[in-house]
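Next up, input22.txt (compact mmCIF, C-alpha atoms):
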# COMPACT_ATOMS: atom_id res chain seq x y z
CA MET O 6 -21.78 16.52 7.66
CA ARG O 7 -24.62 19.01 7.72
CA GLU O 8 -25.32 21.95 9.99
CA PRO O 9 -25.32 22.43 12.90
CA GLY O 10 -22.72 19.67 13.20
CA PHE O 11 -20.48 21.10 10.47
CA SER O 12 -19.81 24.40 12.26
CA LYS O 13 -19.07 22.59 15.51
CA LEU O 14 -16.63 20.27 13.73
CA ALA O 15 -14.97 23.15 11.85
CA GLY O 16 -14.52 25.01 15.14
CA ARG O 17 -12.97 21.96 16.78
CA VAL O 18 -10.54 21.45 13.89
CA ALA O 19 -9.57 25.14 13.92
CA ALA O 20 -8.97 25.09 17.68
CA GLY O 21 -6.88 21.92 17.46
CA LEU O 22 -4.64 23.27 14.68
CA THR O 23 -4.19 26.85 15.90
CA ALA O 24 -3.33 25.62 19.40
CA LEU O 25 -0.23 24.02 17.90
CA ARG O 26 0.67 26.70 15.35
CA GLU O 27 -0.20 30.37 15.45
CA GLY O 28 -1.11 32.41 12.42
CA LEU O 29 -3.10 29.76 10.59
CA ARG O 30 -6.23 30.90 8.77
CA ILE O 31 -8.91 28.22 8.74
CA VAL O 32 -11.41 28.56 5.86
CA PRO O 33 -14.33 26.10 6.01
CA TYR O 34 -15.96 24.86 2.81
CA TYR O 35 -19.56 23.92 3.57
CA TRP O 36 -21.00 22.26 0.48
CA GLY O 37 -23.81 20.29 2.13
CA ASP O 38 -26.75 22.64 1.60
CA THR O 39 -25.85 23.50 -1.99
CA HIS O 40 -24.54 20.19 -3.31
CA GLY O 41 -25.63 17.55 -0.80
CA ALA O 42 -28.31 14.99 -1.44
CA THR O 43 -31.91 15.56 -0.32
CA LEU O 44 -35.16 13.69 -0.66
CA ALA O 45 -36.49 16.03 -3.30
CA ALA O 46 -39.99 14.50 -3.39
CA GLY O 47 -40.39 14.44 0.36
CA GLY O 48 -39.49 10.79 0.80
CA ALA O 49 -41.84 9.38 -1.85
CA SER O 50 -39.33 6.57 -2.51
CA LEU O 51 -39.49 5.23 1.06
CA PRO O 52 -41.83 2.27 1.64
CA ALA O 53 -44.37 2.44 4.44
CA ALA O 54 -43.64 0.50 7.61
CA PRO O 55 -44.80 -3.14 7.47
CA GLY O 56 -48.38 -3.32 8.72
CA GLY O 57 -48.45 0.40 9.35
CA THR O 58 -51.41 1.16 7.13
CA SER O 59 -53.66 -1.48 8.68
CA ARG O 60 -52.58 -1.48 12.31
CA GLY O 61 -51.52 2.07 12.88
CA PRO O 62 -48.41 3.15 14.75
CA ALA O 63 -49.63 2.09 18.21
CA GLY O 64 -50.51 -1.56 17.62
CA PRO O 65 -47.71 -4.13 17.60
CA ASP O 66 -47.29 -6.02 14.35
CA PRO O 67 -46.65 -9.74 14.97
CA GLU O 68 -44.73 -10.07 11.72
CA GLU O 69 -42.50 -7.17 12.68
CA GLU O 70 -41.90 -8.69 16.10
CA THR O 71 -41.08 -12.05 14.51
CA ALA O 72 -38.62 -10.41 12.12
CA ALA O 73 -36.99 -8.59 15.04
CA VAL O 74 -36.55 -11.85 16.95
CA TRP O 75 -34.91 -13.55 14.00
CA ALA O 76 -32.63 -10.54 13.50
CA ALA O 77 -31.44 -10.95 17.08
CA LEU O 78 -30.92 -14.67 16.54
CA TYR O 79 -28.92 -14.12 13.35
CA ALA O 80 -26.62 -11.90 15.40
CA ASP O 81 -26.38 -14.51 18.19
CA PRO O 82 -27.99 -17.91 17.54
CA TYR O 83 -27.68 -18.78 21.25
CA ALA O 84 -29.43 -15.61 22.49
CA GLU O 85 -32.74 -17.25 23.44
CA LEU O 86 -31.03 -20.14 25.19
CA ALA O 87 -28.86 -17.68 27.11
CA LEU O 88 -31.93 -15.76 28.25
CA ALA O 89 -33.63 -18.97 29.33
CA ALA O 90 -30.54 -20.09 31.23
CA ALA O 91 -29.99 -16.75 32.97
CA GLY O 92 -30.17 -17.14 36.72
CA VAL O 93 -30.12 -20.94 36.65
CA PRO O 94 -27.08 -22.40 38.43
CA ARG O 95 -24.74 -24.21 36.08
CA ALA O 96 -24.46 -27.04 38.62
CA VAL O 97 -27.91 -28.35 39.57
CA GLU O 98 -28.50 -30.90 42.34
CA ARG O 99 -30.02 -34.17 40.98
CA ALA O 100 -31.60 -37.09 42.73
CA PRO O 101 -29.35 -40.16 42.90
CA GLY O 102 -29.67 -42.25 39.76
CA SER O 103 -31.53 -39.55 37.82
CA GLN O 104 -30.49 -38.56 34.33
CA PRO O 105 -29.20 -35.04 33.58
CA PRO O 106 -32.12 -32.98 32.20
CA ASP O 107 -30.12 -32.04 29.12
CA GLN O 108 -29.17 -35.62 28.23
CA ALA O 109 -32.16 -36.17 25.95
CA ILE O 110 -31.73 -32.96 23.94
CA ARG O 111 -27.99 -33.58 23.54
CA ALA O 112 -28.67 -37.10 22.27
CA ARG O 113 -31.25 -35.83 19.79
CA LEU O 114 -28.86 -33.11 18.58
CA ALA O 115 -26.17 -35.76 18.01
CA ALA O 116 -28.65 -37.88 16.07
CA LEU O 117 -29.69 -34.85 14.03
CA ALA O 118 -26.05 -34.05 13.23
CA ALA O 119 -25.59 -37.62 12.00
CA ARG O 120 -28.30 -37.03 9.37
CA GLY O 121 -26.17 -34.40 7.66
CA ASP O 122 -27.55 -31.17 6.22
CA ASP O 123 -30.65 -32.69 4.61
CA PRO O 124 -33.18 -31.68 7.33
CA ALA O 125 -32.38 -28.03 6.55
CA ALA O 126 -31.71 -28.43 2.84
CA GLU O 127 -33.98 -25.48 1.92
CA LEU O 128 -31.70 -23.15 3.86
CA GLY O 129 -28.30 -24.34 2.76
CA PRO O 130 -25.32 -26.18 4.24
CA GLY O 131 -24.21 -26.02 7.85
CA LEU O 132 -26.78 -27.93 9.91
CA THR O 133 -24.36 -30.72 10.83
CA ARG O 134 -21.84 -28.26 12.25
CA ALA O 135 -24.54 -26.23 13.99
CA ALA O 136 -26.08 -29.30 15.66
CA THR O 137 -22.68 -30.64 16.73
CA ASP O 138 -21.72 -27.30 18.29
CA LEU O 139 -25.05 -26.92 20.08
CA ALA O 140 -24.91 -30.50 21.42
CA ALA O 141 -21.67 -29.59 23.19
CA HIS O 142 -22.77 -26.15 24.37
CA SER O 143 -22.72 -25.34 28.07
CA LEU O 144 -26.02 -23.41 27.86
CA LEU O 145 -28.05 -26.57 27.33
CA GLY O 146 -27.71 -27.66 30.95
CA PRO O 147 -29.24 -24.60 32.64
CA ALA O 148 -31.69 -24.03 29.75
CA SER O 149 -33.04 -27.58 30.17
CA VAL O 150 -33.70 -26.82 33.85
CA ALA O 151 -35.52 -23.57 33.04
CA LEU O 152 -37.65 -24.82 30.14
CA ALA O 153 -40.17 -27.56 29.50
CA PRO O 154 -38.87 -30.15 26.99
CA ASP O 155 -41.20 -28.88 24.26
CA ASP O 156 -40.01 -25.29 24.68
CA LEU O 157 -36.38 -26.37 24.88
CA ALA O 158 -36.75 -28.25 21.60
CA LEU O 159 -38.32 -25.19 19.98
CA LEU O 160 -35.57 -22.82 21.15
CA ALA O 161 -32.88 -25.29 20.11
CA ALA O 162 -34.50 -25.63 16.66
CA ARG O 163 -34.59 -21.87 16.21
CA SER O 164 -30.97 -21.67 17.33
CA LEU O 165 -29.94 -24.19 14.67
CA THR O 166 -32.00 -22.47 11.98
CA ALA O 167 -30.56 -19.07 12.86
CA ARG O 168 -27.03 -20.46 12.87
CA VAL O 169 -27.39 -21.86 9.35
CA ILE O 170 -28.78 -18.57 8.02
CA ALA O 171 -26.21 -16.50 9.94
CA ASP O 172 -23.46 -18.52 8.26
CA LEU O 173 -25.04 -17.74 4.89
CA LEU O 174 -25.03 -14.05 5.74
CA ASP O 175 -21.42 -14.18 6.93
CA SER O 176 -20.46 -15.83 3.65
CA ASP O 177 -22.25 -13.08 1.70
CA VAL O 178 -24.37 -15.67 -0.11
CA PRO O 179 -26.84 -13.81 -2.35
CA LEU O 180 -29.69 -16.29 -1.85
CA VAL O 181 -31.19 -16.20 1.64
CA PRO O 182 -34.42 -18.21 2.15
CA VAL O 183 -37.70 -16.43 2.79
CA GLY O 184 -39.42 -16.59 6.17
CA ASP O 185 -41.80 -19.39 5.14
CA SER O 186 -38.91 -21.72 4.34
CA ARG O 187 -37.10 -20.70 7.52
CA ASP O 188 -40.17 -21.37 9.68
CA ALA O 189 -40.81 -24.74 8.01
CA VAL O 190 -37.26 -25.84 8.77
CA ALA O 191 -37.48 -24.60 12.36
CA GLU O 192 -40.71 -26.59 12.84
CA ARG O 193 -39.19 -29.72 11.34
CA LEU O 194 -36.11 -29.45 13.53
CA ALA O 195 -38.23 -28.85 16.64
CA VAL O 196 -40.08 -32.11 16.03
CA ALA O 197 -36.78 -33.92 15.45
CA LEU O 198 -35.58 -32.58 18.80
CA GLY O 199 -38.60 -33.87 20.69
CA ALA O 200 -41.32 -31.23 20.36
CA ALA O 201 -44.87 -32.38 19.69
CA PRO O 202 -45.92 -31.79 16.06
CA ARG O 203 -48.19 -28.82 15.49
CA GLY O 204 -50.43 -28.28 12.52
CA THR O 205 -49.85 -24.55 12.41
CA GLU O 206 -46.81 -22.35 12.75
CA ARG O 207 -45.57 -22.09 16.30
CA GLY O 208 -45.84 -18.72 17.95
CA VAL O 209 -42.49 -17.10 18.46
CA ARG O 210 -42.15 -17.29 22.24
CA SER O 211 -38.86 -15.47 22.48
CA LEU O 212 -38.67 -14.18 26.02
CA ALA O 213 -37.09 -10.73 26.25
CA LEU O 214 -35.91 -10.86 22.64
CA ARG O 215 -39.44 -10.26 21.42
CA ALA O 216 -39.98 -7.04 23.33
CA ALA O 217 -36.48 -5.66 22.89
CA GLY O 218 -36.21 -6.64 19.25
CA SER O 219 -39.59 -5.31 18.24
CA MET O 220 -38.99 -1.95 19.92
CA ALA O 221 -35.68 -1.60 18.13
CA SER O 222 -37.22 -2.63 14.82
CA ARG O 223 -40.12 -0.17 15.12
CA ALA O 224 -37.72 2.62 16.07
CA VAL O 225 -35.62 1.98 12.97
CA VAL O 226 -38.65 1.90 10.68
CA ARG O 227 -40.05 5.11 12.18
CA ARG O 228 -36.69 6.81 11.72
CA ARG O 229 -36.09 5.48 8.22
CA ARG O 230 -36.34 8.88 6.56
CA ALA O 231 -33.98 10.46 9.08
CA LEU O 232 -31.59 7.55 8.74
CA THR O 233 -31.77 7.75 4.95
CA GLU O 234 -30.95 11.46 4.90
CA ALA O 235 -28.44 11.49 7.74
CA ALA O 236 -26.71 8.10 7.46
CA HIS O 237 -23.08 8.38 8.48
CA PRO O 238 -21.28 8.49 6.17
CA ALA O 239 -24.08 9.87 3.99
CA ALA O 240 -24.43 7.24 1.29
CA ALA O 241 -26.74 9.48 -0.72
CA ASP O 242 -24.18 12.31 -0.64
CA ILE O 243 -21.49 9.96 -1.92
CA LEU O 244 -23.72 8.67 -4.71
CA ARG O 245 -24.73 12.20 -5.68
CA TYR O 246 -21.13 13.35 -5.69
CA LEU O 247 -19.96 10.43 -7.84
CA SER O 248 -22.70 11.11 -10.39
CA ARG O 249 -22.83 14.94 -10.30
CA GLY O 250 -19.67 16.08 -8.58
CA GLU O 251 -18.39 18.77 -10.93
CA ALA O 252 -20.38 21.57 -9.27
CA VAL O 253 -18.93 20.90 -5.82
CA ARG O 254 -15.41 20.70 -7.32
CA ALA O 255 -15.94 23.96 -9.21
CA ASP O 256 -17.01 25.78 -6.04
CA LEU O 257 -13.99 24.41 -4.18
CA ARG O 258 -11.66 25.55 -6.98
CA ALA O 259 -13.19 29.03 -6.84
CA LEU O 260 -12.69 29.18 -3.07
CA ILE O 261 -9.06 28.08 -3.32
CA LYS O 262 -8.22 30.57 -6.09
CA GLY O 263 -9.22 33.41 -3.79
CA LEU O 264 -6.77 32.36 -1.05
CA GLU O 265 -3.14 33.37 -0.56
CA PRO O 266 -0.65 30.49 -0.84
CA PRO O 267 0.46 28.27 0.70
CA VAL O 268 -2.92 26.55 1.03
CA SER O 269 -3.39 23.18 2.72
CA LEU O 270 -6.55 21.23 1.92
CA LEU O 271 -8.03 19.11 4.72
CA GLY O 272 -10.89 16.68 4.07
CA HIS O 273 -12.63 14.07 6.23
CA SER O 274 -14.48 11.10 4.72
CA LEU O 275 -16.38 12.33 1.63
CA GLY O 276 -14.62 15.68 2.06
CA GLY O 277 -11.34 13.85 1.45
CA ILE O 278 -12.72 12.34 -1.74
CA ILE O 279 -13.79 15.78 -2.99
CA ALA O 280 -10.42 17.33 -2.11
CA LEU O 281 -8.44 14.54 -3.78
CA ASP O 282 -10.63 14.51 -6.87
CA THR O 283 -10.41 18.29 -7.25
CA LEU O 284 -6.63 18.36 -6.99
CA ILE O 285 -6.20 15.50 -9.46
CA SER O 286 -8.52 17.03 -12.05
CA THR O 287 -7.15 20.59 -12.00
CA PRO O 288 -3.69 22.02 -11.19
CA LEU O 289 -4.10 24.39 -8.23
CA PRO O 290 -0.63 25.81 -7.51
CA GLN O 291 -1.83 27.56 -4.35
CA VAL O 292 -2.35 24.15 -2.72
CA ARG O 293 0.90 22.77 -1.32
CA PHE O 294 -0.47 20.09 1.01
CA LEU O 295 -3.41 17.66 1.10
CA VAL O 296 -4.67 15.96 4.27
CA THR O 297 -7.33 13.25 4.17
CA ALA O 298 -8.71 11.52 7.26
CA GLY O 299 -10.99 8.50 7.33
CA SER O 300 -11.42 8.85 3.59
CA GLN O 301 -12.38 6.44 0.84
CA GLY O 302 -10.44 8.05 -2.02
CA PRO O 303 -7.88 5.22 -2.36
CA PHE O 304 -10.65 2.62 -2.37
CA LEU O 305 -12.61 4.46 -5.06
CA TYR O 306 -9.47 4.74 -7.18
CA GLU O 307 -8.61 1.04 -6.82
CA SER O 308 -12.19 0.00 -7.60
CA GLY O 309 -12.38 2.24 -10.69
CA SER O 310 -14.92 4.62 -9.14
CA LEU O 311 -12.90 7.83 -8.61
CA PRO O 312 -14.16 10.28 -11.26
CA SER O 313 -10.84 11.99 -11.95
CA LEU O 314 -8.45 9.04 -12.13
CA GLU O 315 -8.83 5.39 -13.10
CA HIS O 316 -6.54 2.63 -11.91
CA PRO O 317 -3.70 2.03 -12.80
CA ALA O 318 -3.02 5.61 -13.96
CA PRO O 319 -0.61 7.40 -11.58
CA LEU O 320 -1.23 10.65 -9.74
CA PRO O 321 -0.48 13.65 -11.97
CA PRO O 322 2.78 15.53 -11.36
CA HIS O 323 0.96 18.64 -10.12
CA MET O 324 -0.46 16.82 -7.05
CA PRO O 325 0.86 18.27 -3.77
CA ASP O 326 2.22 16.29 -0.82
CA TRP O 327 -0.52 14.06 0.58
CA LEU O 328 -0.95 12.92 4.19
CA ASN O 329 -3.56 10.20 4.63
CA LEU O 330 -4.66 9.53 8.22
CA TYR O 331 -6.39 6.24 8.94
CA ASP O 332 -7.61 4.30 11.96
CA PRO O 333 -7.47 0.49 11.65
CA ARG O 334 -10.83 0.30 13.46
CA ASP O 335 -12.42 2.81 11.07
CA LEU O 336 -13.87 0.61 8.36
CA LEU O 337 -14.27 3.67 6.13
CA SER O 338 -10.57 4.58 6.07
CA TYR O 339 -8.23 3.27 3.40
CA LEU O 340 -4.53 3.24 2.50
CA GLY O 341 -2.96 5.07 -0.42
CA ALA O 342 0.78 4.33 -0.25
CA GLY O 343 0.49 0.93 -1.91
CA LEU O 344 -1.43 2.47 -4.79
CA PHE O 345 0.69 5.63 -5.20
CA PRO O 346 4.23 4.74 -4.06
CA GLY O 347 6.17 7.78 -2.94
CA ARG O 348 3.22 10.14 -3.48
CA VAL O 349 1.20 9.65 -0.29
CA THR O 350 2.10 9.09 3.35
CA ASP O 351 -0.28 6.85 5.30
CA VAL O 352 -0.22 7.51 9.05
CA LEU O 353 -2.01 5.29 11.56
CA VAL O 354 -3.89 6.99 14.38
CA ASP O 355 -5.70 4.99 17.04
CA SER O 356 -8.78 6.47 18.70
CA ARG O 357 -9.36 3.28 20.71
CA GLN O 358 -12.98 3.46 19.59
CA PRO O 359 -14.93 0.76 17.77
CA PHE O 360 -16.60 1.41 14.44
CA PRO O 361 -18.57 3.57 13.67
CA ALA O 362 -17.40 5.80 16.54
CA SER O 363 -13.84 5.50 15.19
CA HIS O 364 -14.93 7.25 11.99
CA SER O 365 -15.84 10.40 13.92
CA ALA O 366 -13.07 10.37 16.53
CA TYR O 367 -10.23 11.85 14.48
CA TRP O 368 -10.89 15.41 15.58
CA THR O 369 -10.77 14.69 19.30
CA ASN O 370 -7.44 12.88 18.95
CA PRO O 371 -4.43 15.13 19.72
CA GLU O 372 -2.21 12.89 17.58
CA VAL O 373 -4.16 13.90 14.48
CA PHE O 374 -3.42 17.59 14.92
CA ARG O 375 0.26 16.94 15.67
CA HIS O 376 0.67 14.89 12.50
CA ILE O 377 -0.96 17.64 10.43
CA VAL O 378 0.88 20.61 11.96
CA ASP O 379 4.26 18.86 11.82
CA ARG O 380 3.87 18.57 8.04
CA LEU O 381 2.24 21.89 7.18
CA PRO O 382 4.22 23.92 4.63
Now that the file is in, can you turn its structure into structure tokens?
Amino acid sequence: MREPGFSKLAGRVAAGLTALREGLRIVPYYWGDTHGATLAAGGASLPAAPGGTSRGPAGPDPEEETAAVWAALYADPYAELALAAAGVPRAVERAPGSQPPDQAIRARLAALAARGDDPAAELGPGLTRAATDLAAHSLLGPASVALAPDDLALLAARSLTARVIADLLDSDVPLVPVGDSRDAVAERLAVALGAAPRGTERGVRSLALRAAGSMASRAVVRRRRALTEAAHPAAADILRYLSRGEAVRADLRALIKGLEPPVSLLGHSLGGIIALDTLISTPLPQVRFLVTAGSQGPFLYESGSLPSLEHPAPLPPHMPDWLNLYDPRDLLSYLGAGLFPGRVTDVLVDSRQPFPASHSAYWTNPEVFRHIVDRLP
């Protein structure tokens, strides 16, 4: 964390600890300005926004809007159908003897599923399952009332295409098709579902997804430099530390040597990595207690990435007692007891926040301070 957030956080930690135990001296170690990562060339490594040089910041870029729509569909392949169905009663009055408006699209989806995955072979497997699921989906009824058959076929085709690609992404498959292949499959599926063939790519008529998605996409691109420098946790800081971490460890050692024992070292996230690495690499007898919260030290050790210690080597004898606080919803917190039996105590704390908020909620959780103070030497 960088200023001004660091001072605010340090003040909150100090208040939380001293409220439970008088006489503690809290000494912050702010390494961010001296040892943290920066874009030294002013962001020369960051690509320009797509279309930004030709259209300027004010004009919407159709390609950017299209990409934003597909991003929304990868997150929820039924999003467009849900928007189309919004406000349409699930039970619609029909004339006696008339066919349900969704009967034709459901029949075509069943026929498409019977053809296997071949109609979307360029994308990968999964079309059969996607078509079967969509044929049984409750959204088709109200969506078929709200949309013309051609538009319904187009939205259903995009839903199937997005579902196949979303499954690829969920499976962490390294080969995801480019947009041209995706659009060709979507067009082919639309025709199979009853849309009239078109000689050119269909415009992405995506209802509210287009406006909302494109605004979000443009905002992210505009803020790319800020996001790159201030990503939480700061990926660049972690990479810089892992490649050139000795200076930050040396400054921490110098700070600790000037303090009266007993010293307890408290580190959050990357701070916990630095604290652990420093204590492993150099005996510091003043330090009697280590606290890490939401930290990735155990993961780096297990993956062979912790500079001071490589798995399966044990912790050195000079390591102090170690309390490791983790939140099961914090995807950046890890366990140490299974890696260092008897040398680290993992304690679960629950902020009741989803990730990434859970990664920053330790220091507003009274349980955290109680666990620390109860174990202070």
Discussion item. Between atom CA of Thr137 of chain O and atom CA of Thr166 of chain O, what is the distance in Å, rounded to a tenth?
Written reply: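 Computed distance, atom CA of Thr137 of chain O to atom CA of Thr166 of chain O, equals 13.3 Å.
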Worksheet item: By how many Å are atom CA of Phe304 of chain O and atom CA of Thr283 of chain O apart?
Response: 16.4 Å
Discussion item. Considering only C-alpha atoms, can you say which of O:Arg334, O:Arg258, O:Arg193, O:Arg168 comes closest to Tyr79 of chain O?
Written reply: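 Checking each candidate against Tyr79 of chain O, we get O:Arg168 as the closest.
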Response to the item:
Of O:Ala171, O:Ile278, O:Leu86, O:Leu159, the one sitting nearest Asp188 of chain O when using only C-alpha atoms is O:Leu159
Discussion item. Neighbouring residues of segment 260-275 of chain O were defined as those with any atom within 9 Å, considering all atoms listed in the file; residues of the same chain fewer than 5 positions away were excluded. Please report them as a PyMOL selection string.
Written reply: chain O and resi 34+238-239+242-243+246+255+280-281+289-302+337-338+364+367+381-382
Discussion item. Within 8 Å of (-4.5, 14.2, -6.1) (file coordinates; all atoms listed in the file), which protein or nucleic acid residues are there? I'd like them as a VMD selection string.
Written reply: chain O and resid 280 to 286 320 to 321 324 to 325 327
Worksheet entry | Selected residue, from O:Leu311, O:Val352, O:Leu145, O:Leu132, that lies nearest to Leu330 of chain O when counting all atoms listed in the file |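 Residue with the minimum atom-to-atom distance to Leu330 of chain O: O:Val352.
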Fill in: Close residues, segment 120-131 of chain O itself excluded, 12 Å, only C-alpha atoms, min 2 positions apart in chain, as an MDAnalysis selection string
chainID O and resid 113:118 133:138 162:163 165:174 176 178:198
Put those residues in a file: C-alpha atoms, as an mmCIF file, keeping the file's coordinate frame.
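And here's part01.cif as it stands now:
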data_model
loop_
_atom_site.group_PDB
_atom_site.id
_atom_site.type_symbol
_atom_site.label_atom_id
_atom_site.label_comp_id
_atom_site.auth_asym_id
_atom_site.auth_seq_id
_atom_site.Cartn_x
_atom_site.Cartn_y
_atom_site.Cartn_z
ATOM 1 C CA ARG O 113 -31.250 -35.830 19.790
ATOM 2 C CA LEU O 114 -28.860 -33.110 18.580
ATOM 3 C CA ALA O 115 -26.170 -35.760 18.010
ATOM 4 C CA ALA O 116 -28.650 -37.880 16.070
ATOM 5 C CA LEU O 117 -29.690 -34.850 14.030
ATOM 6 C CA ALA O 118 -26.050 -34.050 13.230
ATOM 7 C CA THR O 133 -24.360 -30.720 10.830
ATOM 8 C CA ARG O 134 -21.840 -28.260 12.250
ATOM 9 C CA ALA O 135 -24.540 -26.230 13.990
ATOM 10 C CA ALA O 136 -26.080 -29.300 15.660
ATOM 11 C CA THR O 137 -22.680 -30.640 16.730
ATOM 12 C CA ASP O 138 -21.720 -27.300 18.290
ATOM 13 C CA ALA O 162 -34.500 -25.630 16.660
ATOM 14 C CA ARG O 163 -34.590 -21.870 16.210
ATOM 15 C CA LEU O 165 -29.940 -24.190 14.670
ATOM 16 C CA THR O 166 -32.000 -22.470 11.980
ATOM 17 C CA ALA O 167 -30.560 -19.070 12.860
ATOM 18 C CA ARG O 168 -27.030 -20.460 12.870
ATOM 19 C CA VAL O 169 -27.390 -21.860 9.350
ATOM 20 C CA ILE O 170 -28.780 -18.570 8.020
ATOM 21 C CA ALA O 171 -26.210 -16.500 9.940
ATOM 22 C CA ASP O 172 -23.460 -18.520 8.260
ATOM 23 C CA LEU O 173 -25.040 -17.740 4.890
ATOM 24 C CA LEU O 174 -25.030 -14.050 5.740
ATOM 25 C CA SER O 176 -20.460 -15.830 3.650
ATOM 26 C CA VAL O 178 -24.370 -15.670 -0.110
ATOM 27 C CA PRO O 179 -26.840 -13.810 -2.350
ATOM 28 C CA LEU O 180 -29.690 -16.290 -1.850
ATOM 29 C CA VAL O 181 -31.190 -16.200 1.640
ATOM 30 C CA PRO O 182 -34.420 -18.210 2.150
ATOM 31 C CA VAL O 183 -37.700 -16.430 2.790
ATOM 32 C CA GLY O 184 -39.420 -16.590 6.170
ATOM 33 C CA ASP O 185 -41.800 -19.390 5.140
ATOM 34 C CA SER O 186 -38.910 -21.720 4.340
ATOM 35 C CA ARG O 187 -37.100 -20.700 7.520
ATOM 36 C CA ASP O 188 -40.170 -21.370 9.680
ATOM 37 C CA ALA O 189 -40.810 -24.740 8.010
ATOM 38 C CA VAL O 190 -37.260 -25.840 8.770
ATOM 39 C CA ALA O 191 -37.480 -24.600 12.360
ATOM 40 C CA GLU O 192 -40.710 -26.590 12.840
ATOM 41 C CA ARG O 193 -39.190 -29.720 11.340
ATOM 42 C CA LEU O 194 -36.110 -29.450 13.530
ATOM 43 C CA ALA O 195 -38.230 -28.850 16.640
ATOM 44 C CA VAL O 196 -40.080 -32.110 16.030
ATOM 45 C CA ALA O 197 -36.780 -33.920 15.450
ATOM 46 C CA LEU O 198 -35.580 -32.580 18.800
#
